[in-house]
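Taking it in order: structure first as structure tokens, then the write-up.
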Amino acid sequence: MSSKVYTCVSDSVLAEYIPFSTPKLKIYKHIEIPYVIFEHVAKNLSSLKEKHLNFLKELNLGGLATISTEKRISKLLLTFFFCATELGVWLALKAAEFLSCDESDVFLWGKLDIHGEKIVKDFTLDVLKLFLTCIPSGPEWSIGDMDADMEAGFLTSKVVCLIESLLEYREYKDLRCIIFVERVITAVVLQILLSEVLPKLSSWKTSYMAGNHAGLQTQSRKEQNEVVGEFRKGTVNIIVATSILEEGLDVQTCNLVVRFDPSATVSSFIQSRGRARMQNSDFLLMVRSGDTPTVSRVKNFLASGDIMRKESLRHASLACSPLESTLNNEEFYRVESTGAIVTMSSSIALIYFFCSRLPSDGYFKPSPRCLIDEERGICTLDLPKSSPISTIRVESKGNAQMLKQIACLEACKQLHLSGALTDNLVPAIVLEETVAQELRNEPYYDEKVSYFPPELVSHCPNESVQTYHSYLIELKKNYEYDLPVHNIILVVRREFETDVGNISFELEVDRGNLTVDMKYAGVIPLTSEQVHLARRFQTTAFRVLFDHNLSKIDNIFDLRDDSIKVDYLLLPATSSQQNTSVIDWTSVSSVCFPRENPSINHKRCFCSMCYSPYMHTKNGLVCACVLENSLVVTPHNGRVYCVTGIIAELNGESQLKMRDGKVTTYKNYFEAQHGICLRFVQESLLNGKRIFQVQNYLQRRRQQKEKESSKASVELPSELCLIVMSPISIGTFYSFSFLPSIVHRIESLLIAVNLRKMYVDHCTQNVVIPTIKVLEAITTKKCQEKFHLESLETLGDSFLKYATSQQLFKTYQSHHEGLLSLKKDKIISNVALRKIGCDRKLPGFIRNEAFDPKMWIIPGDRSEDHKLEVDFLSSTRKIYVKGKRKVKSKTVADVVEALIGAFLSTGGEVAALLFMDWLGIQVDFVNIPYERQFRILPGIPINIPSIESLLNYRFNDPSLLVEALTHGSYMMLEIPGCYQRLEFLGDAVLDYMVTMHLYHKYPGLSPGMITDLRSASVNNDCYALSAVNAGLHKHILHASSELQKHIMTTVTNFKQLSLESTFGWESETAYPKVLGDIIESLAGAILVDSGYNKERVFACIRPLLEPMITPETVKHHPAKELNELIQRENYHMKKHVSIEEGVRLTTIEVEANGVKHKYTSAASDKNMAIKVASKYVLQSLQQSITGIQAR
């Protein structure tokens, strides 16, 4: 599947497609560990074995339990002895640490009872203490001095040779290396060693990957896939692996393969060599000095590879023989469409492989069970409950092996016909994983366009009179400040949507809140001269506000052109609402103030002032009233001021108190500081206010009222001032300083309008959704505004998950939970949603940056290049592109979910489904009967009436209730299914219903709080403890002693918990996932039985979850809260995992203000350990911060 087959005419042509690595022999001299160490280890290991076997005999456990425990101890003894003699005592110590760890459930040698487990655990801990006596103690000693470590027996010469060989490639910029070993334990301990030693010598990171060998299982398939993914990306440089990686891993950048242990077969040799895909890669073969047979075998393998390659080339042009001719008359099953064949001899392996890919957990590994009656010639093959085929029974002649093969071949046939095996005769989940991997591997380029609304853009026609739509922007201060705010007129060419043209919102300014109300003011005609004047005014005003100088003003007045540009006007409004001309043309005309002979246009002034009505300026002699409300520049320093009045009591001879306390006169100050000799010292000084800073007033801020700057007002001699604009009040400039933030909000709303229009163009039904909801859905947290998408994303995520899950559950009724989950992820994973979002051009609408006023496009400004490009949302709808910025893949996915949430919250489920259909996600809520091939017989060991009473629900089909309580380990034939499919469905419906409950019950909560409430309410710990609280654990059907032990431990711990710690993040104990699964599977059973009545499900399950978490009782996840604190305060955090005396320790350390806050958790579950450690580090940090603030 998905493979490439090449036929080539020569080695050189073949090498173009498949590079051949260069084989190199690494001969090492074998040196035994010191005999004293060897004797000490061998003697004490034997003694420890004898000691613990004697304990075993004293317990008198019985035949099977005793044999299983003896077998486990014997295998462990051989493993420890192998590590000590072949790898070194230090690596034997690490093996003992690993195998004695509570979290390391790695044995598949048969389950032991609790007494047997304790004996084995005590044996490994005693071995650990034994090896600790052989290793130096103290923080000053560490492994890494190769010669000394080899001499002491801590490392063998073979291990030292490996490290030295790797360091020969230290200069490689991008090393990708696979080290092949024979044993799982070798892979584990070598990874530990390399992770300890190599970081001191290089930047390489090492991981390991191992399958199931000799009864050991160390990694889940998910963990293995994560390792491969990191290796592909280069975040892992070295993988120590067993033969699991000899096939299937194709990393084109792999440039080094090392055979730490020699290949047993030519196939293994060729396959491991083939992992090196890079040109000029190496294949290192480690061989013990004097090991002539291995050297000879390696040479034969190399020769065999050459022969096979030559034969392949020789036969490249020959047609292949029919596969059937090679089957030696063996019975087989063939898929006609692909030609795939499974034979009797290969059928057993295929069945085991199929079972291994079925869903499992820590208490149950799915495998087939075969019962053979050789005398009667009957074989009964029972498959796990998640298989669509449960039992195969065949009758035939032959021995036991043949009967088993016949049954397995028939099972393969039935599984293929049911769809569980593909036409290539591999488990369907393999194909789904391949498709999912291809989707994940699709490249994503994060540089995306940023859209600009067409409502604010136009070609500028040269018409004598143009029609505009006007909007009155009313500003109202909700704080005390001596400067007034003035209303503004927004003039545009196109009328806005109603919910954009009539909006109200608040800006957060330094002194309080400013209310902004915008409403439609009607159509107004403007002549081309008025438009030109208005553009000149607004561009001058904004340039002054942004630049605080006049350097760019001379370049902005050529505004008559036909290019595409931002085209709207922002003008001061008159104070009288009865005036039909609401534009304050007097202020607008201030931009025309003459630079020379200003008195020509100022006649018949009747100033009744105590000071002289005329004053000297850089423009000439002007009337004092012209100066009173004007914008001036002082050329000697290039600064711009608003003149708010004339200070009659001050002139050039008045005293000026300096910062250092000295007193001088204004005349002397200007002469000393600027070399200027004032000529008209008797003229009164002007009161000038500096121009305001333009800020982002949309951003949430927690600032107290700022004190007025001592330099906010200055005294200016009029003769040093050049009048730029007059008359214009400081209130106008103050009001204009808010406009970039106001217009940015309007632009954002218009972007949301265009997204909505793009959808409505394709929607056949009338769907109404407020623009502000669309805006909320496309606004990320990075914008730092009062609203963002998190709540809608949480809502949309839960609905999308439910809608997709119920559709898959109904459509694929024979698929197990693993397949359903993969199919769901293919639809709703972040990668899938990102692809959908990009296909619908959503990235251009996303707002993912805080508003930066410096990047705001001043309407009509030609001093800078603000080119807009046309883009088409559809064949009939265009939009404009103002530039590009980076948008993360997950952000696109989040916006898709938030938009679904927006449609759901305003238009209901129908609106959300219609929007999803437009995106390309087709689901429906049509009820399809749950077809079940088996009916459960009476007499099953579950008290159905009792559980129905608990749930307050009577099942129409009680077999659904039984299925919901049956664990996969329960292999009794009378119950052919387990709870996994119902859990898949119940998980989705509970998530959705709890999220909807929280969203509607607490509508005023911040977006982050809704997410926190959901996370704290919908998690396995809450569900598990709810199950115990209701007594549901007593009704679970399972056949796992380990699960029973963990359930009883949970019940014991539950009795010691308060309700407050039961629900939330306070618990410091991990609970069996099975307990939480049961709550979800019961929800799924009720949903199916009730005809998909979600409300009925919530009504039945909610009492089990009480008390529901509220904003007052919610406990934030310690890890999340700690990370937020670290990011906010710029602290540094370290995480470290170690193993001491068989216990896995997780340490979190944060350095803050020179103090280290550190906690180590011994919790066996990794996530629980992180939670507990984070909790105590967070408490320490908070106490420290509180102490600092109190000083």
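Chains: A, B, ... in order of the structure tokens. Residues: from 1 per chain. Ligands: from 1, in order shown.
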> What's the 10 Å shell around region 958-961 of chain A, counting only C-alpha atoms, without same-chain residues fewer than 3 positions away, as number ranges by chain?
Replying inline: A: 930, 932, 934-938, 940, 942, 944-945, 947-948, 954-955, 964-966, 975, 977-979, 982, 1081-1086, 1088-1089
> Hey, what's within 7 Å of Thr617 (chain A) if we count only C-alpha atoms and toss same-chain stuff fewer than 6 positions away? As a count of residues only, please?
Replying inline: 5
> Quick one: residues within 12 Å of Thr422 (chain A), only C-alpha atoms counted, chain neighbours fewer than 3 positions away excluded, as a ChimeraX atom specification?
Replying inline: /A:1,334-335,337-341,354,412-419,425-432
Output N, CA and C atoms of each residue in that selection to a file, as a compact mmCIF listing (two decimals), in the first residue's frame.
# COMPACT_ATOMS: atom_id res chain seq x y z
N MET A 1 0.84 -1.19 0.00
CA MET A 1 0.00 0.00 0.00
C MET A 1 0.88 1.24 0.00
N ARG A 334 -8.20 -15.30 -1.73
CA ARG A 334 -7.69 -14.26 -2.61
C ARG A 334 -8.75 -13.17 -2.78
N VAL A 335 -8.31 -11.93 -2.74
CA VAL A 335 -9.17 -10.79 -3.03
C VAL A 335 -9.02 -10.45 -4.51
N SER A 337 -10.10 -8.01 -6.43
CA SER A 337 -9.85 -6.63 -6.87
C SER A 337 -8.39 -6.22 -6.77
N THR A 338 -7.65 -6.80 -5.81
CA THR A 338 -6.25 -6.41 -5.61
C THR A 338 -5.27 -7.55 -5.83
N GLY A 339 -5.76 -8.78 -5.80
CA GLY A 339 -4.86 -9.92 -5.91
C GLY A 339 -4.20 -10.29 -4.60
N ALA A 340 -4.58 -9.62 -3.51
CA ALA A 340 -4.00 -9.94 -2.20
C ALA A 340 -4.40 -11.36 -1.78
N ILE A 341 -3.47 -12.08 -1.18
CA ILE A 341 -3.69 -13.48 -0.82
C ILE A 341 -3.26 -13.73 0.61
N PHE A 354 -4.24 -8.72 13.36
CA PHE A 354 -5.52 -8.03 13.41
C PHE A 354 -5.93 -7.75 14.85
N CYS A 412 -10.13 -14.87 8.51
CA CYS A 412 -9.61 -13.83 7.61
C CYS A 412 -10.62 -13.51 6.52
N LYS A 413 -11.22 -14.56 5.97
CA LYS A 413 -12.23 -14.38 4.92
C LYS A 413 -13.41 -13.59 5.46
N GLN A 414 -13.94 -13.98 6.63
CA GLN A 414 -15.10 -13.31 7.20
C GLN A 414 -14.77 -11.85 7.57
N LEU A 415 -13.58 -11.64 8.10
CA LEU A 415 -13.18 -10.28 8.47
C LEU A 415 -13.05 -9.39 7.23
N HIS A 416 -12.58 -9.96 6.13
CA HIS A 416 -12.50 -9.17 4.90
C HIS A 416 -13.89 -8.83 4.39
N LEU A 417 -14.78 -9.80 4.39
CA LEU A 417 -16.14 -9.57 3.90
C LEU A 417 -16.87 -8.54 4.76
N SER A 418 -16.51 -8.46 6.06
CA SER A 418 -17.15 -7.48 6.94
C SER A 418 -16.51 -6.10 6.85
N GLY A 419 -15.37 -6.00 6.17
CA GLY A 419 -14.68 -4.72 6.05
C GLY A 419 -13.62 -4.49 7.10
N LEU A 425 -5.88 -6.97 2.56
CA LEU A 425 -5.82 -7.91 3.67
C LEU A 425 -4.93 -7.42 4.80
N VAL A 426 -5.11 -6.19 5.14
CA VAL A 426 -4.50 -5.63 6.35
C VAL A 426 -5.63 -5.03 7.18
N PRO A 427 -5.49 -4.93 8.49
CA PRO A 427 -6.55 -4.33 9.31
C PRO A 427 -6.94 -2.95 8.79
N ALA A 428 -8.22 -2.68 8.79
CA ALA A 428 -8.71 -1.41 8.26
C ALA A 428 -8.08 -0.23 8.98
N ILE A 429 -7.73 -0.43 10.24
CA ILE A 429 -7.15 0.68 11.00
C ILE A 429 -5.78 1.08 10.44
N VAL A 430 -5.08 0.12 9.80
CA VAL A 430 -3.78 0.44 9.20
C VAL A 430 -3.96 1.42 8.05
N LEU A 431 -4.99 1.17 7.24
CA LEU A 431 -5.27 2.09 6.13
C LEU A 431 -5.66 3.46 6.67
N GLU A 432 -6.49 3.50 7.71
CA GLU A 432 -6.89 4.78 8.29
C GLU A 432 -5.69 5.52 8.86
> Interatomic distance between CA of Leu951 (chain A) and CA of His1033 (chain A)?
Replying inline: 14.3 Å
> Running DSSP on the backbone, which parts of region 208-304 of chain A land in strand (DSSP E), as a PyMOL selection string?
Replying inline: chain A and resi 208-209+238-241+256-259+282-288
> Do you have the CA of Val342 (chain A)-CA of Ala411 (chain A) distance handy?
Replying inline: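 Pair CA of Val342 (chain A) / CA of Ala411 (chain A) returns 11.0 Å.
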Contacts of region 625-630 of chain A at 6 Å (only C-alpha atoms; same-chain gap of 5+ positions) as an mmCIF file with all heavy atoms, in the first residue's frame:
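So out_3.cif came out as:
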data_model
loop_
_atom_site.group_PDB
_atom_site.id
_atom_site.type_symbol
_atom_site.label_atom_id
_atom_site.label_comp_id
_atom_site.auth_asym_id
_atom_site.auth_seq_id
_atom_site.Cartn_x
_atom_site.Cartn_y
_atom_site.Cartn_z
ATOM 1 N N CYS A 642 -0.572 72.345 20.693
ATOM 2 C CA CYS A 642 -1.880 72.980 20.573
ATOM 3 C C CYS A 642 -1.905 74.159 21.537
ATOM 4 O O CYS A 642 -1.653 73.993 22.741
ATOM 5 C CB CYS A 642 -2.985 72.000 20.942
ATOM 6 S SG CYS A 642 -3.423 70.852 19.632
ATOM 7 N N VAL A 643 -2.215 75.331 21.021
ATOM 8 C CA VAL A 643 -2.290 76.518 21.871
ATOM 9 C C VAL A 643 -3.702 76.605 22.424
ATOM 10 O O VAL A 643 -4.687 76.699 21.676
ATOM 11 C CB VAL A 643 -1.936 77.786 21.084
ATOM 12 C CG1 VAL A 643 -2.096 79.021 21.970
ATOM 13 C CG2 VAL A 643 -0.506 77.691 20.550
ATOM 14 N N THR A 644 -3.791 76.559 23.751
ATOM 15 C CA THR A 644 -5.109 76.558 24.394
ATOM 16 C C THR A 644 -5.465 77.905 25.007
ATOM 17 O O THR A 644 -6.594 78.094 25.461
ATOM 18 C CB THR A 644 -5.159 75.488 25.494
ATOM 19 O OG1 THR A 644 -4.147 75.772 26.463
ATOM 20 C CG2 THR A 644 -4.933 74.110 24.903
ATOM 21 N N GLY A 645 -4.519 78.825 25.022
ATOM 22 C CA GLY A 645 -4.825 80.130 25.590
ATOM 23 C C GLY A 645 -3.585 81.002 25.674
ATOM 24 O O GLY A 645 -2.470 80.563 25.353
ATOM 25 N N MET A 725 -2.303 75.189 11.719
ATOM 26 C CA MET A 725 -3.749 75.060 11.546
ATOM 27 C C MET A 725 -4.437 76.010 12.523
ATOM 28 O O MET A 725 -4.066 76.079 13.693
ATOM 29 C CB MET A 725 -4.217 73.614 11.808
ATOM 30 C CG MET A 725 -3.633 72.587 10.880
ATOM 31 S SD MET A 725 -4.069 70.873 11.350
ATOM 32 C CE MET A 725 -5.809 70.844 10.951
ATOM 33 N N SER A 726 -5.469 76.704 12.017
ATOM 34 C CA SER A 726 -6.261 77.582 12.871
ATOM 35 C C SER A 726 -7.531 77.970 12.117
ATOM 36 O O SER A 726 -7.478 78.209 10.900
ATOM 37 C CB SER A 726 -5.454 78.830 13.253
ATOM 38 O OG SER A 726 -6.223 79.692 14.062
ATOM 39 N N PRO A 727 -8.681 77.970 12.790
ATOM 40 C CA PRO A 727 -8.881 77.603 14.198
ATOM 41 C C PRO A 727 -9.167 76.105 14.348
ATOM 42 O O PRO A 727 -9.945 75.536 13.583
ATOM 43 C CB PRO A 727 -10.116 78.414 14.566
ATOM 44 C CG PRO A 727 -10.910 78.464 13.288
ATOM 45 C CD PRO A 727 -9.901 78.509 12.171
ATOM 46 N N ILE A 728 -8.551 75.496 15.329
ATOM 47 C CA ILE A 728 -8.820 74.092 15.647
ATOM 48 C C ILE A 728 -8.536 73.877 17.129
ATOM 49 O O ILE A 728 -7.508 74.316 17.657
ATOM 50 C CB ILE A 728 -7.988 73.134 14.783
ATOM 51 C CG1 ILE A 728 -8.413 71.696 15.054
ATOM 52 C CG2 ILE A 728 -6.487 73.319 14.997
ATOM 53 C CD1 ILE A 728 -7.983 70.727 13.982
ATOM 54 N N SER A 729 -9.484 73.245 17.809
ATOM 55 C CA SER A 729 -9.372 73.116 19.261
ATOM 56 C C SER A 729 -8.568 71.881 19.639
ATOM 57 O O SER A 729 -8.467 70.914 18.872
ATOM 58 C CB SER A 729 -10.761 73.025 19.894
ATOM 59 O OG SER A 729 -11.363 71.784 19.577
#
>> I want to know what sits within 12 Å of His486 (chain A), based on only C-alpha atoms, with residues of the same chain fewer than 3 positions away left out; could you give that as a VMD selection string?
In response: chain A and resid 472 to 477 483 489 514 516 571 to 576 583 to 584 587 728 to 739
>> Please determine, counting only C-alpha atoms, which residue among A:Lys1094, A:His762, A:Arg700, A:His115 has the shortest atom-to-atom distance to His997 (chain A).
In response: A:Lys1094
>> Calculated over only C-alpha atoms, which of the candidates A:Leu950, A:Ile836, A:Leu91, A:Leu749 has the smallest distance to Met916 (chain A)?
In response: A:Ile836
>> Set the distance at 8 Å and use only C-alpha atoms: which residues neighbour Phe260 (chain A) once local chain neighbours fewer than 2 positions away are removed? I'd like the list as number ranges by chain.
In response: A: 162, 179-181, 258, 262, 285-286
>> To test your reading of the structure, identify every residue in region 705-939 of chain A that backbone DSSP assigns to helix (DSSP H, G or I), and report it as a count of residues only.
In response: 124
> How far is it from CA of Thr22 (chain A) to CA of Phe283 (chain A), in Å with one decimal?
Replying inline: 5.6 Å
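The smallest atom-to-atom distance between Gly901 (chain A) and any of A:Glu223, A:Glu776, A:Asp282, A:Glu50, using only C-alpha atoms, is found for A:Glu776.
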Closest pair table for region 956-1046 of chain A residues within 9 Å of region 789-810 of chain A, only C-alpha atoms, as a tab-separated table:
residue	atom	partner	partner_atom	distance
A:Arg981	CA	A:Phe809	CA	7.6
A:Leu982	CA	A:Phe809	CA	8.6
A:Phe984	CA	A:Ser805	CA	7.4
A:Leu985	CA	A:Ser805	CA	6.0
A:Gly986	CA	A:Tyr802	CA	8.9
A:Asp987	CA	A:Tyr802	CA	8.4
A:Ala988	CA	A:Tyr802	CA	4.6
A:Val989	CA	A:Tyr802	CA	5.5
A:Leu990	CA	A:Tyr802	CA	8.6
A:Asp991	CA	A:Ser798	CA	6.0
A:Tyr992	CA	A:Ser798	CA	4.7
A:Met993	CA	A:Ser798	CA	8.3
A:Thr995	CA	A:Leu795	CA	6.3
A:Met996	CA	A:Leu795	CA	6.9
A:Tyr999	CA	A:Leu795	CA	7.6
A:Ser1006	CA	A:Ser791	CA	7.8
A:Pro1007	CA	A:Ser791	CA	4.5
A:Gly1008	CA	A:Glu790	CA	6.4
A:Met1009	CA	A:Ser791	CA	8.3
A:Ile1010	CA	A:Ser791	CA	6.0
A:Thr1011	CA	A:Thr794	CA	6.3
A:Arg1014	CA	A:Thr794	CA	8.2
Atoms to include: N, CA and C atoms. Write the selected residues as a PDB file, in the first residue's frame.
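Listing of result09.pdb after writing:
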ATOM      1  N   ARG A 981     -17.501   1.096  22.011  1.00  0.00           N
ATOM      2  CA  ARG A 981     -18.240   1.907  21.030  1.00  0.00           C
ATOM      3  C   ARG A 981     -19.197   2.879  21.727  1.00  0.00           C
ATOM      4  N   LEU A 982     -19.895   2.404  22.738  1.00  0.00           N
ATOM      5  CA  LEU A 982     -20.816   3.279  23.468  1.00  0.00           C
ATOM      6  C   LEU A 982     -20.056   4.368  24.221  1.00  0.00           C
ATOM      7  N   PHE A 984     -17.289   5.741  23.153  1.00  0.00           N
ATOM      8  CA  PHE A 984     -16.938   6.689  22.093  1.00  0.00           C
ATOM      9  C   PHE A 984     -18.081   7.685  21.874  1.00  0.00           C
ATOM     10  N   LEU A 985     -19.306   7.185  21.831  1.00  0.00           N
ATOM     11  CA  LEU A 985     -20.472   8.043  21.612  1.00  0.00           C
ATOM     12  C   LEU A 985     -20.794   8.857  22.868  1.00  0.00           C
ATOM     13  N   GLY A 986     -20.750   8.202  24.023  1.00  0.00           N
ATOM     14  CA  GLY A 986     -21.097   8.885  25.274  1.00  0.00           C
ATOM     15  C   GLY A 986     -20.127   9.988  25.635  1.00  0.00           C
ATOM     16  N   ASP A 987     -18.860   9.776  25.356  1.00  0.00           N
ATOM     17  CA  ASP A 987     -17.855  10.807  25.595  1.00  0.00           C
ATOM     18  C   ASP A 987     -18.227  12.090  24.856  1.00  0.00           C
ATOM     19  N   ALA A 988     -18.656  11.938  23.600  1.00  0.00           N
ATOM     20  CA  ALA A 988     -18.989  13.105  22.784  1.00  0.00           C
ATOM     21  C   ALA A 988     -20.252  13.801  23.270  1.00  0.00           C
ATOM     22  N   VAL A 989     -21.294  13.019  23.582  1.00  0.00           N
ATOM     23  CA  VAL A 989     -22.556  13.655  23.982  1.00  0.00           C
ATOM     24  C   VAL A 989     -22.435  14.316  25.350  1.00  0.00           C
ATOM     25  N   LEU A 990     -21.708  13.708  26.282  1.00  0.00           N
ATOM     26  CA  LEU A 990     -21.534  14.333  27.594  1.00  0.00           C
ATOM     27  C   LEU A 990     -20.716  15.618  27.490  1.00  0.00           C
ATOM     28  N   ASP A 991     -19.654  15.560  26.714  1.00  0.00           N
ATOM     29  CA  ASP A 991     -18.824  16.750  26.494  1.00  0.00           C
ATOM     30  C   ASP A 991     -19.688  17.893  25.959  1.00  0.00           C
ATOM     31  N   TYR A 992     -20.518  17.582  24.973  1.00  0.00           N
ATOM     32  CA  TYR A 992     -21.365  18.605  24.346  1.00  0.00           C
ATOM     33  C   TYR A 992     -22.407  19.133  25.326  1.00  0.00           C
ATOM     34  N   MET A 993     -23.088  18.243  26.026  1.00  0.00           N
ATOM     35  CA  MET A 993     -24.165  18.689  26.910  1.00  0.00           C
ATOM     36  C   MET A 993     -23.631  19.467  28.109  1.00  0.00           C
ATOM     37  N   THR A 995     -20.859  21.233  28.136  1.00  0.00           N
ATOM     38  CA  THR A 995     -20.401  22.517  27.600  1.00  0.00           C
ATOM     39  C   THR A 995     -21.578  23.454  27.352  1.00  0.00           C
ATOM     40  N   MET A 996     -22.668  22.932  26.760  1.00  0.00           N
ATOM     41  CA  MET A 996     -23.857  23.759  26.514  1.00  0.00           C
ATOM     42  C   MET A 996     -24.455  24.234  27.839  1.00  0.00           C
ATOM     43  N   TYR A 999     -22.224  27.039  29.123  1.00  0.00           N
ATOM     44  CA  TYR A 999     -22.272  28.219  28.260  1.00  0.00           C
ATOM     45  C   TYR A 999     -23.550  29.023  28.502  1.00  0.00           C
ATOM     46  N   SER A1006     -15.905  35.119  31.438  1.00  0.00           N
ATOM     47  CA  SER A1006     -14.845  35.356  30.467  1.00  0.00           C
ATOM     48  C   SER A1006     -14.619  34.097  29.653  1.00  0.00           C
ATOM     49  N   PRO A1007     -14.102  34.248  28.419  1.00  0.00           N
ATOM     50  CA  PRO A1007     -13.882  33.066  27.571  1.00  0.00           C
ATOM     51  C   PRO A1007     -13.005  32.011  28.232  1.00  0.00           C
ATOM     52  N   GLY A1008     -11.959  32.443  28.909  1.00  0.00           N
ATOM     53  CA  GLY A1008     -11.063  31.485  29.543  1.00  0.00           C
ATOM     54  C   GLY A1008     -11.731  30.696  30.648  1.00  0.00           C
ATOM     55  N   MET A1009     -12.662  31.337  31.393  1.00  0.00           N
ATOM     56  CA  MET A1009     -13.327  30.663  32.501  1.00  0.00           C
ATOM     57  C   MET A1009     -14.230  29.539  32.003  1.00  0.00           C
ATOM     58  N   ILE A1010     -14.913  29.749  30.866  1.00  0.00           N
ATOM     59  CA  ILE A1010     -15.756  28.687  30.298  1.00  0.00           C
ATOM     60  C   ILE A1010     -14.902  27.469  29.969  1.00  0.00           C
ATOM     61  N   THR A1011     -13.746  27.706  29.398  1.00  0.00           N
ATOM     62  CA  THR A1011     -12.842  26.606  29.055  1.00  0.00           C
ATOM     63  C   THR A1011     -12.370  25.886  30.310  1.00  0.00           C
ATOM     64  N   ARG A1014     -15.169  23.756  31.740  1.00  0.00           N
ATOM     65  CA  ARG A1014     -15.362  22.535  30.945  1.00  0.00           C
ATOM     66  C   ARG A1014     -14.269  21.524  31.237  1.00  0.00           C
TER      67      ARG A1014
END
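Closest approach to Ser207 (chain A) from the set A:Asn237, A:Asn478, A:Ser458, A:Gln693 is made by A:Asn237, with distances taken over only C-alpha atoms.
When the distance limit is 8 Å and only C-alpha atoms are what count, the residues near Phe546 (chain A), minus those fewer than 3 positions from it on the same chain, are Phe542, Arg543, Gln693, Val694 and Lys854 of chain A.
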> Which residue out of A:Val120, A:Phe131, A:Pro859, A:Lys1175 has the minimum interatomic distance to Glu97 (chain A) when only C-alpha atoms are used?
Replying inline: A:Phe131
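Of the listed residues A:Thr634, A:Val1177, A:Asn830, A:His1157, the one whose atoms come nearest to Val714 (chain A) is A:Thr634, with distances taken using only C-alpha atoms.
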